[in-house]
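This is coords-v7.txt. It holds compact mmCIF, C-alpha atoms.
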```txt
# COMPACT_ATOMS: atom_id res chain seq x y z
CA MET P 1 45.81 -0.70 -59.11
CA GLU P 2 46.69 2.92 -58.35
CA THR P 3 48.94 3.39 -55.35
CA GLU P 4 47.26 5.17 -52.44
CA PRO P 5 49.00 8.49 -51.60
CA ARG P 6 50.91 8.37 -48.35
CA LEU P 7 49.66 10.81 -45.75
CA ARG P 8 52.09 13.22 -44.15
CA VAL P 9 52.32 11.81 -40.62
CA ARG P 10 54.08 14.03 -38.12
CA PRO P 11 56.62 12.66 -35.58
CA ALA P 12 55.29 11.56 -32.21
CA GLU P 13 55.38 14.20 -29.48
CA PRO P 14 56.15 13.74 -25.77
CA ALA P 15 53.29 12.11 -23.90
CA ARG P 16 52.45 15.24 -21.91
CA ALA P 17 52.02 17.23 -25.14
CA ARG P 18 50.58 14.47 -27.33
CA PRO P 19 47.45 15.60 -29.21
CA SER P 20 44.23 13.60 -29.35
CA LEU P 21 43.81 11.05 -32.12
CA ALA P 22 41.32 13.36 -33.82
CA GLU P 23 43.86 16.20 -33.71
CA SER P 24 46.57 13.91 -35.12
CA ALA P 25 44.29 12.78 -37.95
CA TYR P 26 43.32 16.39 -38.68
CA ALA P 27 46.96 17.53 -38.77
CA ALA P 28 48.04 14.67 -41.05
CA LEU P 29 45.15 15.13 -43.48
CA LYS P 30 45.45 18.91 -43.60
CA ALA P 31 49.22 18.83 -44.16
CA SER P 32 48.75 16.31 -46.98
CA ILE P 33 46.12 18.52 -48.64
CA LEU P 34 48.09 21.77 -48.23
CA GLU P 35 51.27 20.24 -49.63
CA GLY P 36 49.50 18.45 -52.49
CA THR P 37 50.12 14.86 -51.36
CA LEU P 38 46.34 14.52 -51.51
CA PRO P 39 45.60 16.48 -54.71
CA PRO P 40 42.28 18.05 -55.73
CA GLY P 41 39.80 15.39 -56.82
CA HIS P 42 41.46 12.60 -54.83
CA GLU P 43 38.93 10.27 -53.22
CA ALA P 44 39.46 7.90 -50.32
CA VAL P 45 37.41 5.96 -47.83
CA GLU P 46 37.76 6.83 -44.17
CA GLN P 47 38.79 3.31 -43.22
CA ALA P 48 41.74 3.41 -45.62
CA ILE P 49 42.85 6.72 -44.10
CA ALA P 50 42.46 5.27 -40.61
CA ASP P 51 44.53 2.21 -41.57
CA GLN P 52 47.36 4.44 -42.84
CA LEU P 53 47.31 6.46 -39.65
CA GLY P 54 47.07 3.42 -37.41
CA MET P 55 43.86 4.45 -35.67
CA SER P 56 40.14 3.71 -35.69
CA ARG P 57 37.71 5.40 -38.06
CA THR P 58 36.06 7.55 -35.37
CA PRO P 59 38.87 10.15 -34.96
CA VAL P 60 39.34 10.19 -38.73
CA HIS P 61 35.66 10.98 -39.21
CA GLU P 62 35.93 13.84 -36.69
CA ALA P 63 38.92 15.21 -38.61
CA VAL P 64 37.11 14.86 -41.95
CA LEU P 65 34.08 16.78 -40.70
CA ARG P 66 36.35 19.57 -39.47
CA LEU P 67 38.15 19.79 -42.81
CA GLN P 68 34.82 19.80 -44.64
CA HIS P 69 33.75 22.77 -42.53
CA GLU P 70 36.98 24.55 -43.51
CA GLY P 71 36.32 23.93 -47.21
CA PHE P 72 39.04 21.37 -48.00
CA LEU P 73 37.03 18.14 -48.24
CA ARG P 74 33.58 16.92 -49.12
CA VAL P 75 32.12 13.92 -47.34
CA LEU P 76 30.70 11.37 -49.79
CA SER P 77 28.17 8.64 -49.17
CA ARG P 78 29.37 5.48 -47.44
CA ARG P 79 32.11 7.29 -45.48
CA GLY P 80 34.15 8.43 -48.45
CA VAL P 81 35.79 11.82 -48.92
CA ARG P 82 36.88 13.91 -51.92
CA VAL P 83 39.53 16.62 -51.82
CA LEU P 84 37.94 19.78 -53.21
CA PRO P 85 39.60 21.86 -55.94
CA ILE P 86 40.65 25.44 -55.28
CA ASP P 87 37.77 27.70 -56.25
CA PRO P 88 39.16 30.99 -57.66
CA GLU P 89 36.29 33.16 -56.44
CA ASP P 90 36.45 31.64 -52.96
CA LEU P 91 40.21 32.20 -52.98
CA ARG P 92 39.77 35.83 -54.04
CA GLN P 93 37.49 36.38 -51.05
CA THR P 94 39.92 34.51 -48.80
CA TYR P 95 42.71 36.89 -49.75
CA GLU P 96 40.51 39.89 -49.01
CA VAL P 97 39.99 38.52 -45.49
CA LEU P 98 43.66 37.63 -45.11
CA ILE P 99 44.84 41.07 -46.22
CA ALA P 100 42.63 42.70 -43.60
CA LEU P 101 43.71 40.38 -40.79
CA GLU P 102 47.42 40.31 -41.65
CA GLY P 103 47.42 44.08 -42.05
CA THR P 104 46.00 44.44 -38.55
CA ALA P 105 48.51 41.89 -37.23
CA ALA P 106 51.36 43.89 -38.79
CA ALA P 107 50.10 47.14 -37.30
CA LEU P 108 49.91 45.52 -33.87
CA LEU P 109 53.34 43.93 -34.20
CA ALA P 110 54.88 47.28 -35.16
CA THR P 111 53.85 48.70 -31.77
CA ARG P 112 55.30 45.89 -29.66
CA GLY P 113 58.86 47.22 -29.43
CA VAL P 114 61.22 44.71 -27.81
CA GLY P 115 58.35 42.23 -27.70
CA ALA P 116 58.57 41.98 -31.49
CA VAL P 117 62.28 41.11 -31.68
CA ALA P 118 61.90 37.32 -31.69
CA THR P 119 59.10 37.50 -34.26
CA LEU P 120 61.10 39.76 -36.57
CA ASP P 121 64.09 37.41 -36.28
CA ALA P 122 61.86 34.47 -37.28
CA MET P 123 60.45 36.43 -40.22
CA ARG P 124 63.95 37.40 -41.38
CA ALA P 125 65.08 33.77 -41.14
CA ALA P 126 62.09 32.61 -43.18
CA THR P 127 62.83 35.22 -45.86
CA ALA P 128 66.48 34.11 -46.00
CA GLU P 129 65.32 30.50 -46.44
CA MET P 130 63.10 31.60 -49.31
CA GLU P 131 66.02 33.29 -51.06
CA VAL P 132 68.19 30.17 -50.71
CA ALA P 133 65.35 27.96 -51.98
CA LEU P 134 64.79 30.25 -54.96
CA SER P 135 68.49 30.18 -55.83
CA HIS P 136 68.16 26.36 -56.08
CA ASP P 137 64.81 26.60 -57.90
CA ASP P 138 63.21 24.66 -55.06
CA ARG P 139 59.67 26.01 -55.25
CA ALA P 140 58.34 23.71 -52.51
CA ALA P 141 60.94 24.96 -50.02
CA TRP P 142 60.30 28.54 -51.16
CA ALA P 143 56.54 28.13 -50.52
CA ALA P 144 57.24 26.63 -47.09
CA GLY P 145 59.48 29.57 -46.14
CA ASP P 146 56.88 32.06 -47.35
CA ASP P 147 54.26 30.33 -45.23
CA ARG P 148 56.54 30.49 -42.14
CA PHE P 149 56.99 34.23 -42.67
CA HIS P 150 53.26 34.89 -42.68
CA ARG P 151 52.49 32.49 -39.82
CA ALA P 152 55.13 34.21 -37.69
CA LEU P 153 53.57 37.58 -38.46
CA LEU P 154 50.15 36.42 -37.28
CA ALA P 155 51.45 34.61 -34.20
CA GLY P 156 53.58 37.60 -33.18
CA SER P 157 50.78 40.14 -33.30
CA GLY P 158 50.03 39.69 -29.61
CA ASN P 159 46.38 38.97 -30.42
CA PRO P 160 45.80 35.18 -30.28
CA LYS P 161 42.16 35.55 -31.33
CA LEU P 162 43.16 37.38 -34.50
CA ALA P 163 45.70 34.64 -35.25
CA ARG P 164 43.04 31.94 -34.77
CA LEU P 165 40.56 33.76 -37.02
CA ALA P 166 43.21 34.02 -39.74
CA GLU P 167 44.29 30.37 -39.52
CA THR P 168 41.90 28.86 -42.08
CA ALA P 169 42.49 31.71 -44.54
CA ALA P 170 46.25 31.24 -44.09
CA ASP P 171 45.84 27.49 -44.73
CA GLN P 172 43.93 28.15 -47.94
CA ALA P 173 46.57 30.64 -49.07
CA GLN P 174 49.31 28.10 -48.32
CA ARG P 175 47.55 25.49 -50.44
CA ALA P 176 47.13 27.92 -53.34
CA ARG P 177 50.74 29.05 -53.03
CA SER P 178 52.07 25.48 -53.04
CA THR P 179 49.75 24.37 -55.86
CA THR P 180 50.73 27.20 -58.21
CA ALA P 181 54.39 27.71 -57.26
CA ALA P 182 55.74 25.69 -60.19
CA ARG P 183 53.36 27.37 -62.66
CA ARG P 184 54.26 30.95 -61.85
CA PRO P 185 57.31 32.99 -62.86
CA ALA P 186 60.19 32.91 -60.40
CA PRO P 187 58.86 34.80 -57.34
CA GLN P 188 61.64 37.37 -57.21
CA ASP P 189 59.39 40.08 -55.76
CA SER P 190 58.39 38.24 -52.59
CA ALA P 191 61.66 38.56 -50.67
CA ARG P 192 61.93 42.24 -51.57
CA GLU P 193 58.37 42.84 -50.39
CA HIS P 194 59.09 40.92 -47.20
CA GLN P 195 62.04 43.23 -46.57
CA ALA P 196 59.74 46.25 -46.96
CA ILE P 197 57.37 44.77 -44.39
CA LEU P 198 60.26 44.05 -42.02
CA ALA P 199 61.64 47.57 -42.41
CA ALA P 200 58.30 49.12 -41.48
CA LEU P 201 57.94 46.77 -38.51
CA ALA P 202 61.45 47.49 -37.25
CA ALA P 203 60.77 51.23 -37.52
CA GLY P 204 57.57 50.90 -35.50
CA ASP P 205 55.57 52.23 -38.47
CA ALA P 206 52.18 50.59 -37.96
CA GLU P 207 50.43 52.04 -41.00
CA GLY P 208 53.48 51.52 -43.18
CA ALA P 209 53.58 47.86 -42.15
CA ARG P 210 49.85 47.48 -42.84
CA ALA P 211 50.27 49.02 -46.31
CA ALA P 212 53.33 46.88 -47.11
CA VAL P 213 51.46 43.69 -46.20
CA ALA P 214 48.47 44.73 -48.31
CA ALA P 215 50.66 45.51 -51.33
CA HIS P 216 52.50 42.19 -51.00
CA ARG P 217 49.41 40.01 -50.61
CA THR P 218 47.52 41.85 -53.36
CA ARG P 219 50.32 41.37 -55.88
CA ALA P 220 50.85 37.71 -54.91
CA SER P 221 47.13 36.89 -55.00
CA ARG P 222 46.83 38.31 -58.51
CA GLU P 223 49.65 36.05 -59.71
CA ILE P 224 48.16 33.00 -58.00
CA LEU P 225 44.68 33.62 -59.42
CA ARG P 226 46.17 34.14 -62.86
CA ALA P 227 47.96 30.78 -62.53
CA LEU P 228 44.63 29.18 -61.63
CA GLY P 229 43.12 30.59 -64.81
CA ALA P 230 40.95 33.17 -63.03
```
Show me this structure written as structure tokens.
Amino acid sequence: METEPRLRVRPAEPARARPSLAESAYAALKASILEGTLPPGHEAVEQAIADQLGMSRTPVHEAVLRLQHEGFLRVLSRRGVRVLPIDPEDLRQTYEVLIALEGTAAALLATRGVGAVATLDAMRAATAEMEVALSHDDRAAWAAGDDRFHRALLAGSGNPKLARLAETAADQAQRARSTTAARRPAPQDSAREHQAILAALAAGDAEGARAAVAAHRTRASREILRALGA
């Protein structure tokens, strides 16, 4: 009998900050999908997921419906779920949205002055982690560092609504990046492009930062879509 994939369960948080069971189930399922622990085509019943997570089926069902709305799962009859494959055309449209939102985030961040320092430090650290991961040919760690760079950019824009709107697109990009990382040539261009974005941000060049983000995401999306056979 095939072994059931283990979900990525996050460590418990302090009681005052502990999320609801539905939020915990959502986080565990989404992380497992984005990182490939639950690969495209994988099917499971909600009760089995609930048993792994140590909770009832109700919060799992809430999480499943949320992930279906975001395009990651499909609910099957009799409380089953299937992880959806990455659709190239949907991904192409996702990158168009992400380029627009990240470009705006970069333009906003470039105008924040001292308020951007912590964000730029986080983005530099993520880029450094990517370079170390690439030197060890650790594509999973490289993809994780790349995701941290882009998440920091969105979070640091000073516009929480923009960051929330971009979240699902960023999740879909993370999944595509992680899924194709081992199939693409060594991503030598990413760190250099990140440095160009950082230079524009540090100089307070809003339009330069927007253009650098667009160039980076456009080039990367073409490689990812090519790896998906699009």
Wanna dump the segment 41-110 of chain P-segment 199-214 of chain P contacts at 7 Å for me, each residue with its shortest atom pair and the distance in Å to one decimal, counting only C-alpha atoms, ordered by chain and number, as CSV?
```
residue,atom,partner,partner_atom,distance
P:Ile99,CA,P:Ala214,CA,5.6
P:Glu102,CA,P:Val213,CA,7.0
P:Gly103,CA,P:Arg210,CA,4.3
P:Thr104,CA,P:Arg210,CA,6.5
P:Ala106,CA,P:Arg210,CA,5.6
P:Ala107,CA,P:Ala206,CA,4.1
P:Leu108,CA,P:Ala206,CA,6.9
P:Leu109,CA,P:Leu201,CA,6.9
P:Ala110,CA,P:Gly204,CA,4.5
```
Spatial neighbours of segment 34-47 of chain P, 6 Å, all atoms listed in the file, chain gap at least 6 places, as a ChimeraX atom specification: /P:57,79-85,175
From the options P:Ala22, P:Ile197, P:Met123, P:Ala133, which residue's atoms come nearest to Leu65 of chain P, counting all atoms listed in the file?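 Nearest to Leu65 of chain P: P:Ala22.
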Separation of atom CA of Asp189 of chain P from atom CA of Ala31 of chain P, in Å and rounded to one decimal: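 Spanning atom CA of Asp189 of chain P to atom CA of Ala31 of chain P is a straight-line distance of 26.3 Å.
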May I have the residues within 7 Å of Ala126 of chain P as a list in words, using all atoms listed in the file and disregarding those fewer than 2 positions away in the same chain? Ala122, Met123, Arg124, Ala128, Glu129, Met130, Gly145, Asp146, Arg148 and Phe149 of chain P
Distance criterion (all atoms listed in the file): nearest to Ala220 of chain P out of P:Lys30, P:Arg192, P:Arg177, P:His69: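 Closest to Ala220 of chain P, using all atoms listed in the file: P:Arg177.
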Pick the closest to Glu131 of chain P from P:Glu96, P:Thr119, P:Ala191, P:Ala163: which is it, counting only C-alpha atoms?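 The answer is P:Ala191, which sits nearest to Glu131 of chain P.
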What is the distance between atom CA of Ala105 of chain P and atom CA of Leu154 of chain P, in Å to one decimal?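 These atoms are spaced 5.7 Å apart.
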Set up a box along x, y and z of the file covering all listed atoms of segment 56-72 of chain P, add 8 Å on every one of the six sides, and write the centre and edge lengths in Å to one decimal, as JSON.
```
{"center_x": 36.9, "center_y": 14.1, "center_z": -41.5, "size_x": 22.4, "size_y": 36.8, "size_z": 29.0}
```
Identify, on the basis of only C-alpha atoms, every residue whose closest approach to Ala25 of chain P does not exceed 9 Å; exclude the query and any residue fewer than 3 positions from it along the same chain; express the result as an MDAnalysis selection string. chainID P and resid 9 20:22 28:30 49:50 53 55 59:64
For segment 66-89 of chain P, supply N, CA and C atoms and report the output as an mmCIF file, in the coordinates of the input.
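Printed below is selection-v3.cif as written:
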```
data_model
loop_
_atom_site.group_PDB
_atom_site.id
_atom_site.type_symbol
_atom_site.label_atom_id
_atom_site.label_comp_id
_atom_site.auth_asym_id
_atom_site.auth_seq_id
_atom_site.Cartn_x
_atom_site.Cartn_y
_atom_site.Cartn_z
ATOM 1 N N ARG P 66 35.716 18.265 -39.713
ATOM 2 C CA ARG P 66 36.350 19.570 -39.470
ATOM 3 C C ARG P 66 36.921 20.151 -40.756
ATOM 4 N N LEU P 67 37.566 19.318 -41.549
ATOM 5 C CA LEU P 67 38.150 19.790 -42.810
ATOM 6 C C LEU P 67 37.072 20.120 -43.835
ATOM 7 N N GLN P 68 35.943 19.427 -43.767
ATOM 8 C CA GLN P 68 34.820 19.800 -44.640
ATOM 9 C C GLN P 68 34.315 21.182 -44.264
ATOM 10 N N HIS P 69 34.195 21.457 -42.981
ATOM 11 C CA HIS P 69 33.750 22.770 -42.530
ATOM 12 C C HIS P 69 34.692 23.877 -42.996
ATOM 13 N N GLU P 70 35.985 23.557 -43.082
ATOM 14 C CA GLU P 70 36.980 24.550 -43.510
ATOM 15 C C GLU P 70 37.091 24.649 -45.028
ATOM 16 N N GLY P 71 36.366 23.808 -45.754
ATOM 17 C CA GLY P 71 36.320 23.930 -47.210
ATOM 18 C C GLY P 71 37.368 23.137 -47.967
ATOM 19 N N PHE P 72 37.991 22.143 -47.325
ATOM 20 C CA PHE P 72 39.040 21.370 -48.000
ATOM 21 C C PHE P 72 38.543 20.029 -48.523
ATOM 22 N N LEU P 73 37.533 19.464 -47.887
ATOM 23 C CA LEU P 73 37.030 18.140 -48.240
ATOM 24 C C LEU P 73 35.520 18.178 -48.416
ATOM 25 N N ARG P 74 35.014 17.155 -49.104
ATOM 26 C CA ARG P 74 33.580 16.920 -49.120
ATOM 27 C C ARG P 74 33.359 15.466 -48.713
ATOM 28 N N VAL P 75 32.455 15.272 -47.769
ATOM 29 C CA VAL P 75 32.120 13.920 -47.340
ATOM 30 C C VAL P 75 31.172 13.301 -48.351
ATOM 31 N N LEU P 76 31.515 12.095 -48.830
ATOM 32 C CA LEU P 76 30.700 11.370 -49.790
ATOM 33 C C LEU P 76 29.868 10.309 -49.062
ATOM 34 N N SER P 77 28.965 9.702 -49.786
ATOM 35 C CA SER P 77 28.170 8.640 -49.170
ATOM 36 C C SER P 77 29.062 7.454 -48.824
ATOM 37 N N ARG P 78 28.656 6.674 -47.870
ATOM 38 C CA ARG P 78 29.370 5.480 -47.440
ATOM 39 C C ARG P 78 30.755 5.798 -46.898
ATOM 40 N N ARG P 79 30.884 6.923 -46.206
ATOM 41 C CA ARG P 79 32.110 7.290 -45.480
ATOM 42 C C ARG P 79 33.312 7.570 -46.387
ATOM 43 N N GLY P 80 33.053 8.024 -47.590
ATOM 44 C CA GLY P 80 34.150 8.430 -48.450
ATOM 45 C C GLY P 80 34.361 9.926 -48.386
ATOM 46 N N VAL P 81 35.507 10.388 -48.881
ATOM 47 C CA VAL P 81 35.790 11.820 -48.920
ATOM 48 C C VAL P 81 36.427 12.168 -50.269
ATOM 49 N N ARG P 82 36.232 13.393 -50.704
ATOM 50 C CA ARG P 82 36.880 13.910 -51.920
ATOM 51 C C ARG P 82 37.558 15.217 -51.583
ATOM 52 N N VAL P 83 38.813 15.367 -52.004
ATOM 53 C CA VAL P 83 39.530 16.620 -51.820
ATOM 54 C C VAL P 83 38.989 17.629 -52.826
ATOM 55 N N LEU P 84 38.551 18.774 -52.341
ATOM 56 C CA LEU P 84 37.940 19.780 -53.210
ATOM 57 C C LEU P 84 39.003 20.563 -53.979
ATOM 58 N N PRO P 85 38.685 20.988 -55.199
ATOM 59 C CA PRO P 85 39.600 21.860 -55.940
ATOM 60 C C PRO P 85 39.613 23.255 -55.327
ATOM 61 N N ILE P 86 40.586 24.048 -55.721
ATOM 62 C CA ILE P 86 40.650 25.440 -55.280
ATOM 63 C C ILE P 86 39.700 26.251 -56.149
ATOM 64 N N ASP P 87 38.727 26.882 -55.524
ATOM 65 C CA ASP P 87 37.770 27.700 -56.250
ATOM 66 C C ASP P 87 38.306 29.138 -56.332
ATOM 67 N N PRO P 88 38.558 29.660 -57.535
ATOM 68 C CA PRO P 88 39.160 30.990 -57.660
ATOM 69 C C PRO P 88 38.387 32.097 -56.955
ATOM 70 N N GLU P 89 37.060 32.095 -57.079
ATOM 71 C CA GLU P 89 36.290 33.160 -56.440
ATOM 72 C C GLU P 89 36.363 33.054 -54.920
#
```
